[in-house]
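J.: Compact mmCIF, C-alpha atoms, saved as data08.txt, coming up:
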# COMPACT_ATOMS: atom_id res chain seq x y z
CA MET K 1 -8.28 34.02 -7.96
CA THR K 2 -10.63 31.69 -9.81
CA THR K 3 -7.81 30.48 -12.06
CA PHE K 4 -5.79 29.73 -8.97
CA LEU K 5 -8.64 27.81 -7.33
CA SER K 6 -9.49 25.94 -10.50
CA MET K 7 -5.85 24.93 -10.99
CA GLY K 8 -6.23 25.00 -14.75
CA GLY K 9 -9.13 22.58 -14.57
CA TYR K 10 -7.34 20.09 -12.34
CA ALA K 11 -8.80 21.37 -9.06
CA ALA K 12 -10.54 18.05 -8.35
CA PHE K 13 -7.13 16.40 -8.16
CA VAL K 14 -4.74 19.09 -6.92
CA TRP K 15 -6.71 20.31 -3.90
CA PRO K 16 -7.59 16.86 -2.52
CA ALA K 17 -3.92 15.89 -2.95
CA PHE K 18 -2.72 18.88 -0.93
CA GLY K 19 -5.61 18.41 1.47
CA ILE K 20 -4.95 14.74 2.21
CA ALA K 21 -1.23 15.44 2.62
CA THR K 22 -1.95 18.27 5.07
CA LEU K 23 -4.56 16.28 6.95
CA THR K 24 -2.42 13.17 7.33
CA LEU K 25 0.66 15.02 8.50
CA ALA K 26 -1.32 17.35 10.77
CA LEU K 27 -3.10 14.41 12.41
CA LEU K 28 0.19 12.60 13.00
CA TRP K 29 1.61 15.76 14.55
CA ILE K 30 -1.37 16.24 16.85
CA VAL K 31 -1.46 12.59 17.95
CA SER K 32 2.30 12.58 18.64
CA ALA K 33 2.23 15.91 20.50
CA ARG K 34 -0.67 14.79 22.68
CA ALA K 35 1.04 11.50 23.51
CA GLN K 36 4.21 13.36 24.46
CA LYS K 37 2.32 15.77 26.67
CA ALA K 38 0.46 12.96 28.42
CA ALA K 39 3.57 10.84 28.97
CA GLU K 40 5.67 13.72 30.32
CA ALA K 41 2.80 14.93 32.52
CA ALA K 42 2.42 11.43 33.96
CA LEU K 43 6.11 11.49 34.87
CA ASP K 44 5.66 14.77 36.72
CA THR K 45 2.79 13.42 38.82
CA LEU K 46 4.95 10.68 40.32
CA PRO K 47 6.54 11.57 43.67
CA PRO K 48 10.23 12.30 43.18
CA LEU K 49 12.65 9.52 44.05
CA PRO K 50 14.37 10.04 47.40
CA GLY K 51 17.93 11.32 47.12
CA ARG K 52 20.92 9.00 47.11
CA ALA K 53 21.60 9.44 50.85
CA ALA K 54 18.00 8.61 51.71
CA ARG K 55 18.11 5.52 49.50
CA ALA K 56 21.31 4.43 51.24
CA ARG K 57 19.54 4.72 54.61
CA MET K 58 16.59 2.70 53.27
CA ALA K 59 18.74 -0.15 51.97
CA PRO K 60 18.98 -3.24 54.28
CA LYS K 61 22.12 -3.19 56.43
CA GLY K 62 25.14 -5.03 55.03
CA LYS K 63 23.93 -4.81 51.47
CA ALA K 64 25.41 -2.33 49.02
CA PRO K 65 22.69 0.25 48.31
CA ASP K 66 21.87 0.03 44.65
CA ALA K 67 18.80 1.69 43.19
CA LYS K 68 19.14 -0.37 40.04
CA ALA K 69 18.67 -3.58 41.98
CA ALA K 70 15.16 -2.47 42.96
CA SER K 71 13.64 -3.28 39.61
CA PRO K 72 14.64 -5.81 36.97
CA GLY K 73 13.71 -3.50 34.14
CA ALA K 74 15.98 -0.66 35.23
CA ALA K 75 19.16 -2.53 34.35
CA ARG K 76 18.31 -2.46 30.64
CA MET E 77 27.71 7.94 19.24
CA HIS E 78 27.94 6.67 22.81
CA ARG E 79 27.57 10.20 24.13
CA PHE E 80 23.95 10.07 23.07
CA ALA E 81 23.23 6.75 24.74
CA ASN E 82 22.37 8.41 28.02
CA PRO E 83 18.73 9.50 27.65
CA GLY E 84 19.34 12.53 29.85
CA ARG E 85 21.90 13.91 27.44
CA PHE E 86 19.76 12.98 24.46
CA LEU E 87 16.78 14.77 25.99
CA ARG E 88 18.82 17.90 26.61
CA ILE E 89 19.99 17.91 22.98
CA ALA E 90 16.46 17.18 21.79
CA ALA E 91 15.17 20.18 23.75
CA VAL E 92 17.51 22.39 21.72
CA VAL E 93 17.08 20.72 18.34
CA GLN E 94 13.29 20.52 18.35
CA PRO E 95 12.53 24.27 18.33
CA ILE E 96 15.21 24.85 15.69
CA ALA E 97 13.65 22.17 13.50
CA MET E 98 10.23 23.75 14.04
CA GLY E 99 11.65 27.07 12.84
CA VAL E 100 13.16 25.47 9.76
CA LEU E 101 9.86 23.70 9.11
CA ALA E 102 7.83 26.91 9.35
CA VAL E 103 10.09 28.93 7.05
CA SER E 104 10.68 26.25 4.43
CA LEU E 105 7.02 25.20 4.38
CA VAL E 106 5.72 28.73 3.84
CA ALA E 107 8.37 29.51 1.23
CA GLY E 108 7.97 26.15 -0.46
CA LEU E 109 4.17 26.31 -0.65
CA TYR E 110 4.26 29.88 -1.89
CA LEU E 111 6.65 29.01 -4.69
CA ALA E 112 4.86 25.76 -5.43
CA LEU E 113 1.34 27.16 -5.67
CA PHE E 114 1.86 30.72 -6.88
CA VAL E 115 5.25 31.30 -8.46
CA SER E 116 6.31 28.12 -10.21
CA PRO E 117 4.98 27.75 -13.74
CA ALA E 118 2.39 25.26 -14.87
CA ASP E 119 3.85 22.39 -16.82
CA TYR E 120 3.58 22.75 -20.60
CA GLN E 121 1.98 19.30 -20.88
CA GLN E 122 0.46 18.63 -17.47
CA GLY E 123 -0.71 22.13 -16.62
CA ASP E 124 -1.39 22.86 -12.98
CA SER E 125 -1.76 19.19 -12.11
CA ALA E 126 2.04 19.10 -11.99
CA ARG E 127 1.85 21.10 -8.75
CA ILE E 128 0.96 17.82 -7.04
CA MET E 129 4.64 17.02 -7.53
CA TYR E 130 5.50 19.44 -4.73
CA VAL E 131 3.88 17.16 -2.13
CA HIS E 132 4.13 13.84 -3.94
CA VAL E 133 7.89 13.80 -4.55
CA PRO E 134 9.02 15.08 -1.12
CA ALA E 135 6.69 12.54 0.53
CA ALA E 136 8.16 9.75 -1.57
CA TRP E 137 11.69 10.87 -0.76
CA MET E 138 10.85 10.89 2.94
CA ALA E 139 9.23 7.45 2.69
CA LEU E 140 12.59 6.07 1.51
CA PHE E 141 14.68 8.21 3.84
CA VAL E 142 12.73 7.25 6.96
CA TYR E 143 12.83 3.56 6.08
CA THR E 144 16.59 3.81 5.63
CA ALA E 145 16.88 5.53 9.01
CA MET E 146 14.73 2.78 10.53
CA ALA E 147 16.88 0.06 9.00
CA VAL E 148 20.13 1.68 10.18
CA ALA E 149 18.70 2.18 13.67
CA SER E 150 17.50 -1.43 13.71
CA ALA E 151 20.97 -2.65 12.69
CA VAL E 152 22.56 -0.59 15.46
CA ALA E 153 20.02 -1.95 17.94
CA LEU E 154 20.67 -5.55 16.94
CA ILE E 155 24.45 -5.34 16.68
CA TRP E 156 25.43 -2.96 19.46
CA ARG E 157 22.31 -3.08 21.64
CA HIS E 158 22.35 0.72 21.70
CA PRO E 159 19.32 1.58 23.86
CA LEU E 160 18.20 4.59 21.89
CA ALA E 161 18.49 2.89 18.51
CA GLU E 162 15.36 0.80 18.73
CA VAL E 163 13.46 3.72 20.27
CA ILE E 164 14.35 5.80 17.22
CA ALA E 165 13.35 2.98 14.87
CA LYS E 166 10.04 2.43 16.65
CA ALA E 167 9.30 6.16 16.68
CA SER E 168 10.13 6.52 12.98
CA ALA E 169 7.83 3.81 11.68
CA PRO E 170 4.47 5.63 11.87
CA ILE E 171 6.03 8.75 10.37
CA GLY E 172 7.41 6.79 7.44
CA ALA E 173 4.09 5.02 6.98
CA CYS E 174 2.30 8.38 6.79
CA PHE E 175 4.75 9.72 4.23
CA THR E 176 4.34 6.56 2.14
CA PHE E 177 0.56 6.88 2.37
CA VAL E 178 0.74 10.51 1.25
CA ALA E 179 3.04 9.57 -1.65
CA LEU E 180 0.67 6.82 -2.77
CA VAL E 181 -2.50 8.89 -2.52
CA THR E 182 -1.10 12.06 -4.10
CA GLY E 183 0.49 9.97 -6.82
CA SER E 184 -2.84 8.29 -7.45
CA LEU E 185 -4.59 11.66 -7.69
CA TRP E 186 -1.93 12.81 -10.12
CA GLY E 187 -2.15 9.61 -12.14
CA LYS E 188 -5.86 9.86 -12.81
CA PRO E 189 -5.74 13.02 -14.97
CA MET E 190 -2.32 12.26 -16.47
CA TRP E 191 -2.27 8.51 -17.00
CA GLY E 192 -6.01 7.99 -17.07
CA THR E 193 -5.94 5.70 -14.04
CA TYR E 194 -5.75 5.93 -10.26
CA TRP E 195 -3.57 2.83 -10.09
CA VAL E 196 -1.40 0.62 -12.23
CA TRP E 197 0.77 -2.29 -11.20
CA ASP E 198 3.94 -0.73 -12.50
CA ALA E 199 7.35 -1.33 -10.90
CA ARG E 200 7.53 1.80 -8.78
CA LEU E 201 3.96 1.92 -7.57
CA THR E 202 4.02 -1.75 -6.65
CA SER E 203 7.33 -1.55 -4.80
CA VAL E 204 6.19 1.57 -2.88
CA LEU E 205 3.01 -0.25 -1.92
CA VAL E 206 5.22 -3.06 -0.61
CA LEU E 207 7.15 -0.43 1.36
CA PHE E 208 3.89 0.71 2.92
CA PHE E 209 3.10 -2.87 3.96
CA LEU E 210 6.60 -3.21 5.40
CA TYR E 211 5.99 -0.16 7.58
CA LEU E 212 2.66 -1.55 8.75
CA GLY E 213 4.28 -4.94 9.35
CA TYR E 214 7.00 -3.34 11.45
CA ILE E 215 4.45 -1.49 13.59
CA ALA E 216 2.30 -4.60 14.00
CA LEU E 217 5.24 -6.83 14.86
CA ALA E 218 6.68 -4.41 17.41
CA GLY E 219 3.37 -4.40 19.26
CA ALA E 220 2.50 -8.07 18.87
CA PHE E 221 4.50 -9.50 21.77
CA ASP E 222 3.79 -9.26 25.49
CA ASP E 223 7.50 -8.60 25.97
CA GLU E 224 8.13 -5.36 24.11
CA GLN E 225 11.81 -6.17 23.70
CA ARG E 226 11.08 -9.34 21.73
CA GLY E 227 8.62 -7.49 19.54
CA LEU E 228 11.14 -4.76 18.76
CA ARG E 229 13.84 -7.31 18.02
CA ALA E 230 11.58 -9.13 15.56
CA ALA E 231 10.57 -5.82 14.01
CA SER E 232 14.23 -4.81 13.68
CA ILE E 233 14.92 -7.95 11.67
CA LEU E 234 11.93 -7.20 9.45
CA ALA E 235 13.21 -3.66 8.89
CA LEU E 236 16.61 -4.98 7.82
CA VAL E 237 15.25 -7.70 5.55
CA GLY E 238 12.86 -5.22 3.96
CA PHE E 239 15.62 -2.75 3.23
CA VAL E 240 16.30 -4.53 -0.07
CA ASN E 241 13.09 -2.84 -1.26
CA VAL E 242 14.64 0.64 -1.04
CA PRO E 243 17.15 0.29 -3.92
CA ILE E 244 14.47 -1.64 -5.83
CA ILE E 245 12.16 1.36 -5.56
CA LYS E 246 14.91 3.78 -6.51
CA PHE E 247 16.08 1.85 -9.57
CA SER E 248 12.74 0.36 -10.58
CA VAL E 249 12.22 3.08 -13.19
CA GLU E 250 15.55 2.16 -14.79
CA TRP E 251 15.47 -1.61 -14.48
CA TRP E 252 11.94 -2.14 -15.75
CA ASN E 253 10.07 -0.84 -18.77
CA THR E 254 7.51 0.84 -16.55
CA LEU E 255 4.95 3.64 -16.60
CA HIS E 256 6.25 5.87 -13.79
CA GLN E 257 8.63 8.47 -15.12
CA PRO E 258 12.40 8.11 -14.55
CA ALA E 259 14.42 10.24 -12.15
CA SER E 260 14.61 13.97 -12.81
CA VAL E 261 16.59 15.10 -9.79
CA LEU E 262 18.80 12.42 -8.22
CA ARG E 263 20.34 11.00 -11.35
CA VAL E 264 23.71 10.65 -13.09
CA GLY E 265 24.28 13.89 -14.98
CA GLY E 266 22.43 16.06 -12.49
CA PRO E 267 18.85 17.30 -12.35
CA THR E 268 16.97 17.82 -15.58
CA ILE E 269 14.26 19.81 -13.87
CA HIS E 270 14.12 23.59 -14.35
CA PRO E 271 15.18 25.75 -11.37
CA SER E 272 11.74 27.36 -11.19
CA MET E 273 10.43 23.93 -10.28
CA LEU E 274 13.50 22.59 -8.51
CA TRP E 275 13.55 25.27 -5.83
CA PRO E 276 10.01 24.72 -4.52
CA LEU E 277 10.66 20.99 -4.68
CA LEU E 278 13.82 21.26 -2.57
CA LEU E 279 12.15 23.65 -0.11
CA MET E 280 9.24 21.25 0.37
CA ALA E 281 11.73 18.41 0.80
CA LEU E 282 13.50 20.44 3.50
CA ALA E 283 10.16 21.17 5.16
CA PHE E 284 9.26 17.46 5.21
CA LYS E 285 12.65 16.59 6.61
CA ALA E 286 12.30 19.18 9.39
CA TYR E 287 8.82 17.80 10.07
CA TYR E 288 10.30 14.34 10.47
CA VAL E 289 12.86 15.64 13.01
CA VAL E 290 10.20 17.42 15.05
CA VAL E 291 7.73 14.55 15.14
CA LEU E 292 10.50 11.97 15.66
CA LEU E 293 11.70 13.85 18.72
CA MET E 294 8.13 14.06 20.05
CA ARG E 295 7.71 10.33 19.66
CA VAL E 296 11.14 9.45 21.09
CA ARG E 297 10.49 11.65 24.11
CA THR E 298 7.12 9.95 24.58
CA GLU E 299 8.72 6.52 24.41
CA LEU E 300 11.51 7.46 26.82
CA ALA E 301 9.03 8.97 29.27
CA GLY E 302 6.90 5.82 29.06
CA ARG E 303 9.90 3.59 29.76
CA ARG E 304 10.99 5.74 32.68
CA LEU E 305 7.47 5.68 34.04
CA ARG E 306 7.35 1.89 33.92
CA THR E 307 10.77 1.64 35.57
CA LEU E 308 9.81 4.05 38.34
CA ARG E 309 6.52 2.30 38.95
CA MET E 310 8.29 -1.04 39.24
CA ALA E 311 10.86 0.52 41.58
CA GLY E 312 8.05 2.01 43.66
CA ALA E 313 6.26 -1.35 43.80
CA GLY E 314 9.44 -3.16 44.87
CA ALA E 315 10.47 -0.69 47.63
Can you turn what I pasted into structure tokens?
T.:
Amino acid sequence: MTTFLSMGGYAAFVWPAFGIATLTLALLWIVSARAQKAAEAALDTLPPLPGRAARARMAPKGKAPDAKAASPGAAR
Amino acid sequence: MHRFANPGRFLRIAAVVQPIAMGVLAVSLVAGLYLALFVSPADYQQGDSARIMYVHVPAAWMALFVYTAMAVASAVALIWRHPLAEVIAKASAPIGACFTFVALVTGSLWGKPMWGTYWVWDARLTSVLVLFFLYLGYIALAGAFDDEQRGLRAASILALVGFVNVPIIKFSVEWWNTLHQPASVLRVGGPTIHPSMLWPLLLMALAFKAYYVVVLLMRVRTELAGRRLRTLRMAGAGA
């Protein structure tokens, strides 16, 4: 066990190397997972869009109902 | 390729791929670390310090792989305006930066006992440091504009221009009389590394690749959700 931990005398280099690699990649994972959870939860809190028929009723008369026209960003 | 342009379809595929990639990551990581730390032999010259190779080399491979993916995605975004392409590029950048950081730090920790120095301005180390700055530059540029589209377009151009660095890194150890050792795996004539070391190396490389897929999908899903949120909020404000 001690030979394993001492890594043939190179412990001061081997374990920090593995440690920093683990820490960096674990942190990136955690940050990314949290951001995903927050973003998808925020989507769920929004009220659902009315169905297509309801949107057609809401559109001004004589104009083709088009959900995409409602926001300039949606066309992208 | 166009079948994946619709985010709904992409998200459905992502929901299937992500758990599979997590499974691959778990298995290959455990197997790879076990072989790397317990089974593989110490190097006859470098002793147990050579075990750093099992994180250093896969991280370096991923640093190059992710940048290549970013450059391809950026090209697709610029040429075909594929909506998912720039999302994938943007999501990849921090992952690639982390892999490059890990490669640099683990290499430095390996260099101190073996070369006698934490750093030297040799061809490979310098070009990988440049790669790290390119990643940071991409991230900074993408976020520097009020209009996110302009920022991503500028960043895409940076990614493409910087791609010349990837073959420079790969061939630096052949073109220059430099300290970093030449290729032992991806070289003409096949790998010169012994199977007892090659297997843990390849398993760790597979683990890192699976990690990239998992985290990439997390970040792409975050970005898509954010865009949808902004669109819906604008639609709600306009109604």
J.: Provide the atom CA of Ala153 of chain E to atom CA of Arg226 of chain E distance in Å, to one decimal place.
T.: 12.2 Å
J.: Set out as a tab-separated table a contact list for segment 178-216 of chain E and segment 113-134 of chain E with a cut-off of 8 Å, giving each residue of segment 178-216 of chain E that qualifies its closest atom pair and distance in Å to one decimal, counting all atoms listed in the file, ordered by chain and rising residue number.
T.:
residue	atom	partner	partner_atom	distance
E:Val178	CA	E:His132	CA	7.0
E:Ala179	CA	E:His132	CA	5.0
E:Leu180	CA	E:His132	CA	7.9
E:Thr182	CA	E:His132	CA	5.5
E:Gly183	CA	E:His132	CA	6.0
E:Trp186	CA	E:Ile128	CA	6.6
E:Pro189	CA	E:Ser125	CA	7.9
E:Met190	CA	E:Gln122	CA	7.0
J.: Grab the atom CA of Ala90 of chain E to atom CA of Lys37 of chain K distance for me, in Å with one decimal place.
T.: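 A separation of 15.0 Å between them.
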J.: Between K:Leu23, K:Gly9, K:Thr2, K:Ala17, single out the one closest to chain E, counting only C-alpha atoms.
T.: K:Ala17
J.: Identify which of the residues E:Met98, E:Ala167, E:Ala231, E:Ala286 lies closest to Ala151 of chain E, counting all atoms listed in the file when measuring atom-to-atom distances.
T.: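 So, comparing all the options, the nearest one is E:Ala231.
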J.: Which residues, protein or nucleic acid, reach to within 10 Å of (11.7, 14.0, 16.2) in the file's coordinates when using only C-alpha atoms, and can you give that as a list in words?
T.: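 So the residues meeting the distance criterion are Ser32 of chain K; Ala90, Val93, Gln94, Ala97, Ile164, Ala167, Ser168, Ile171, Lys285, Ala286, Tyr287, Tyr288, Val289, Val290, Val291, Leu292, Leu293, Met294, Arg295, Val296 and Arg297 of chain E.
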J.: Rebuild segment 248-259 of chain E to all heavy atoms - output it as a PDB file, keeping the file's coordinate frame, please.
T.:
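Final file, selection_8.pdb:
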ATOM      1  N   SER E 248      13.815   1.038  -9.847  1.00  0.00           N
ATOM      2  CA  SER E 248      12.740   0.360 -10.580  1.00  0.00           C
ATOM      3  C   SER E 248      12.463   1.030 -11.926  1.00  0.00           C
ATOM      4  O   SER E 248      12.170   0.349 -12.914  1.00  0.00           O
ATOM      5  CB  SER E 248      11.458   0.347  -9.742  1.00  0.00           C
ATOM      6  OG  SER E 248      11.060   1.676  -9.434  1.00  0.00           O
ATOM      7  N   VAL E 249      12.547   2.377 -11.943  1.00  0.00           N
ATOM      8  CA  VAL E 249      12.220   3.080 -13.190  1.00  0.00           C
ATOM      9  C   VAL E 249      13.313   2.920 -14.241  1.00  0.00           C
ATOM     10  O   VAL E 249      13.103   3.258 -15.406  1.00  0.00           O
ATOM     11  CB  VAL E 249      11.943   4.577 -12.935  1.00  0.00           C
ATOM     12  CG1 VAL E 249      10.627   4.747 -12.212  1.00  0.00           C
ATOM     13  CG2 VAL E 249      13.068   5.216 -12.141  1.00  0.00           C
ATOM     14  N   GLU E 250      14.498   2.450 -13.810  1.00  0.00           N
ATOM     15  CA  GLU E 250      15.550   2.160 -14.790  1.00  0.00           C
ATOM     16  C   GLU E 250      15.569   0.691 -15.186  1.00  0.00           C
ATOM     17  O   GLU E 250      15.821   0.351 -16.337  1.00  0.00           O
ATOM     18  CB  GLU E 250      16.930   2.518 -14.209  1.00  0.00           C
ATOM     19  CG  GLU E 250      17.157   4.005 -14.021  1.00  0.00           C
ATOM     20  CD  GLU E 250      18.473   4.281 -13.306  1.00  0.00           C
ATOM     21  OE1 GLU E 250      19.461   3.577 -13.589  1.00  0.00           O
ATOM     22  OE2 GLU E 250      18.494   5.168 -12.440  1.00  0.00           O
ATOM     23  N   TRP E 251      15.336  -0.186 -14.206  1.00  0.00           N
ATOM     24  CA  TRP E 251      15.470  -1.610 -14.480  1.00  0.00           C
ATOM     25  C   TRP E 251      14.294  -2.166 -15.300  1.00  0.00           C
ATOM     26  O   TRP E 251      14.474  -3.104 -16.066  1.00  0.00           O
ATOM     27  CB  TRP E 251      15.557  -2.386 -13.152  1.00  0.00           C
ATOM     28  CG  TRP E 251      16.805  -2.114 -12.382  1.00  0.00           C
ATOM     29  CD1 TRP E 251      17.962  -1.579 -12.849  1.00  0.00           C
ATOM     30  CD2 TRP E 251      17.030  -2.411 -10.997  1.00  0.00           C
ATOM     31  NE1 TRP E 251      18.891  -1.509 -11.836  1.00  0.00           N
ATOM     32  CE2 TRP E 251      18.352  -2.006 -10.699  1.00  0.00           C
ATOM     33  CE3 TRP E 251      16.255  -2.972  -9.984  1.00  0.00           C
ATOM     34  CZ2 TRP E 251      18.894  -2.155  -9.422  1.00  0.00           C
ATOM     35  CZ3 TRP E 251      16.806  -3.121  -8.728  1.00  0.00           C
ATOM     36  CH2 TRP E 251      18.116  -2.706  -8.453  1.00  0.00           C
ATOM     37  N   TRP E 252      13.105  -1.615 -15.067  1.00  0.00           N
ATOM     38  CA  TRP E 252      11.940  -2.140 -15.750  1.00  0.00           C
ATOM     39  C   TRP E 252      11.375  -1.142 -16.745  1.00  0.00           C
ATOM     40  O   TRP E 252      11.489   0.072 -16.574  1.00  0.00           O
ATOM     41  CB  TRP E 252      10.839  -2.499 -14.744  1.00  0.00           C
ATOM     42  CG  TRP E 252      11.137  -3.743 -13.988  1.00  0.00           C
ATOM     43  CD1 TRP E 252      11.049  -5.016 -14.482  1.00  0.00           C
ATOM     44  CD2 TRP E 252      11.582  -3.848 -12.637  1.00  0.00           C
ATOM     45  NE1 TRP E 252      11.409  -5.906 -13.495  1.00  0.00           N
ATOM     46  CE2 TRP E 252      11.741  -5.228 -12.363  1.00  0.00           C
ATOM     47  CE3 TRP E 252      11.856  -2.924 -11.641  1.00  0.00           C
ATOM     48  CZ2 TRP E 252      12.162  -5.694 -11.121  1.00  0.00           C
ATOM     49  CZ3 TRP E 252      12.277  -3.378 -10.403  1.00  0.00           C
ATOM     50  CH2 TRP E 252      12.427  -4.755 -10.148  1.00  0.00           C
ATOM     51  N   ASN E 253      10.757  -1.664 -17.782  1.00  0.00           N
ATOM     52  CA  ASN E 253      10.070  -0.840 -18.770  1.00  0.00           C
ATOM     53  C   ASN E 253       8.706  -0.503 -18.170  1.00  0.00           C
ATOM     54  O   ASN E 253       7.740  -1.240 -18.339  1.00  0.00           O
ATOM     55  CB  ASN E 253       9.929  -1.631 -20.064  1.00  0.00           C
ATOM     56  CG  ASN E 253       9.383  -0.775 -21.188  1.00  0.00           C
ATOM     57  OD1 ASN E 253       9.441   0.444 -21.123  1.00  0.00           O
ATOM     58  ND2 ASN E 253       8.854  -1.405 -22.218  1.00  0.00           N
ATOM     59  N   THR E 254       8.642   0.616 -17.429  1.00  0.00           N
ATOM     60  CA  THR E 254       7.510   0.840 -16.550  1.00  0.00           C
ATOM     61  C   THR E 254       6.927   2.227 -16.760  1.00  0.00           C
ATOM     62  O   THR E 254       7.562   3.109 -17.334  1.00  0.00           O
ATOM     63  CB  THR E 254       7.936   0.614 -15.084  1.00  0.00           C
ATOM     64  OG1 THR E 254       6.793   0.536 -14.278  1.00  0.00           O
ATOM     65  CG2 THR E 254       8.848   1.718 -14.604  1.00  0.00           C
ATOM     66  N   LEU E 255       5.694   2.432 -16.296  1.00  0.00           N
ATOM     67  CA  LEU E 255       4.950   3.640 -16.600  1.00  0.00           C
ATOM     68  C   LEU E 255       5.494   4.870 -15.861  1.00  0.00           C
ATOM     69  O   LEU E 255       5.633   5.947 -16.461  1.00  0.00           O
ATOM     70  CB  LEU E 255       3.465   3.435 -16.257  1.00  0.00           C
ATOM     71  CG  LEU E 255       2.516   4.600 -16.568  1.00  0.00           C
ATOM     72  CD1 LEU E 255       2.557   4.960 -18.043  1.00  0.00           C
ATOM     73  CD2 LEU E 255       1.090   4.213 -16.171  1.00  0.00           C
ATOM     74  N   HIS E 256       5.794   4.722 -14.581  1.00  0.00           N
ATOM     75  CA  HIS E 256       6.250   5.870 -13.790  1.00  0.00           C
ATOM     76  C   HIS E 256       7.488   6.485 -14.423  1.00  0.00           C
ATOM     77  O   HIS E 256       8.387   5.792 -14.875  1.00  0.00           O
ATOM     78  CB  HIS E 256       6.550   5.426 -12.356  1.00  0.00           C
ATOM     79  CG  HIS E 256       6.771   6.559 -11.405  1.00  0.00           C
ATOM     80  ND1 HIS E 256       7.926   7.326 -11.416  1.00  0.00           N
ATOM     81  CD2 HIS E 256       6.001   7.083 -10.425  1.00  0.00           C
ATOM     82  CE1 HIS E 256       7.836   8.257 -10.476  1.00  0.00           C
ATOM     83  NE2 HIS E 256       6.687   8.141  -9.864  1.00  0.00           N
ATOM     84  N   GLN E 257       7.532   7.807 -14.427  1.00  0.00           N
ATOM     85  CA  GLN E 257       8.630   8.470 -15.120  1.00  0.00           C
ATOM     86  C   GLN E 257       9.960   8.233 -14.419  1.00  0.00           C
ATOM     87  O   GLN E 257      10.007   7.992 -13.218  1.00  0.00           O
ATOM     88  CB  GLN E 257       8.361   9.972 -15.194  1.00  0.00           C
ATOM     89  CG  GLN E 257       8.404  10.663 -13.837  1.00  0.00           C
ATOM     90  CD  GLN E 257       8.250  12.158 -13.970  1.00  0.00           C
ATOM     91  OE1 GLN E 257       7.156  12.665 -14.146  1.00  0.00           O
ATOM     92  NE2 GLN E 257       9.353  12.861 -13.898  1.00  0.00           N
ATOM     93  N   PRO E 258      11.089   8.298 -15.164  1.00  0.00           N
ATOM     94  CA  PRO E 258      12.400   8.110 -14.550  1.00  0.00           C
ATOM     95  C   PRO E 258      12.798   9.325 -13.716  1.00  0.00           C
ATOM     96  O   PRO E 258      12.098  10.325 -13.676  1.00  0.00           O
ATOM     97  CB  PRO E 258      13.334   7.941 -15.759  1.00  0.00           C
ATOM     98  CG  PRO E 258      12.638   8.593 -16.883  1.00  0.00           C
ATOM     99  CD  PRO E 258      11.170   8.464 -16.617  1.00  0.00           C
ATOM    100  N   ALA E 259      13.959   9.200 -13.064  1.00  0.00           N
ATOM    101  CA  ALA E 259      14.420  10.240 -12.150  1.00  0.00           C
ATOM    102  C   ALA E 259      14.711  11.532 -12.891  1.00  0.00           C
ATOM    103  O   ALA E 259      15.267  11.533 -13.990  1.00  0.00           O
ATOM    104  CB  ALA E 259      15.660   9.753 -11.412  1.00  0.00           C
TER     105      ALA E 259
END
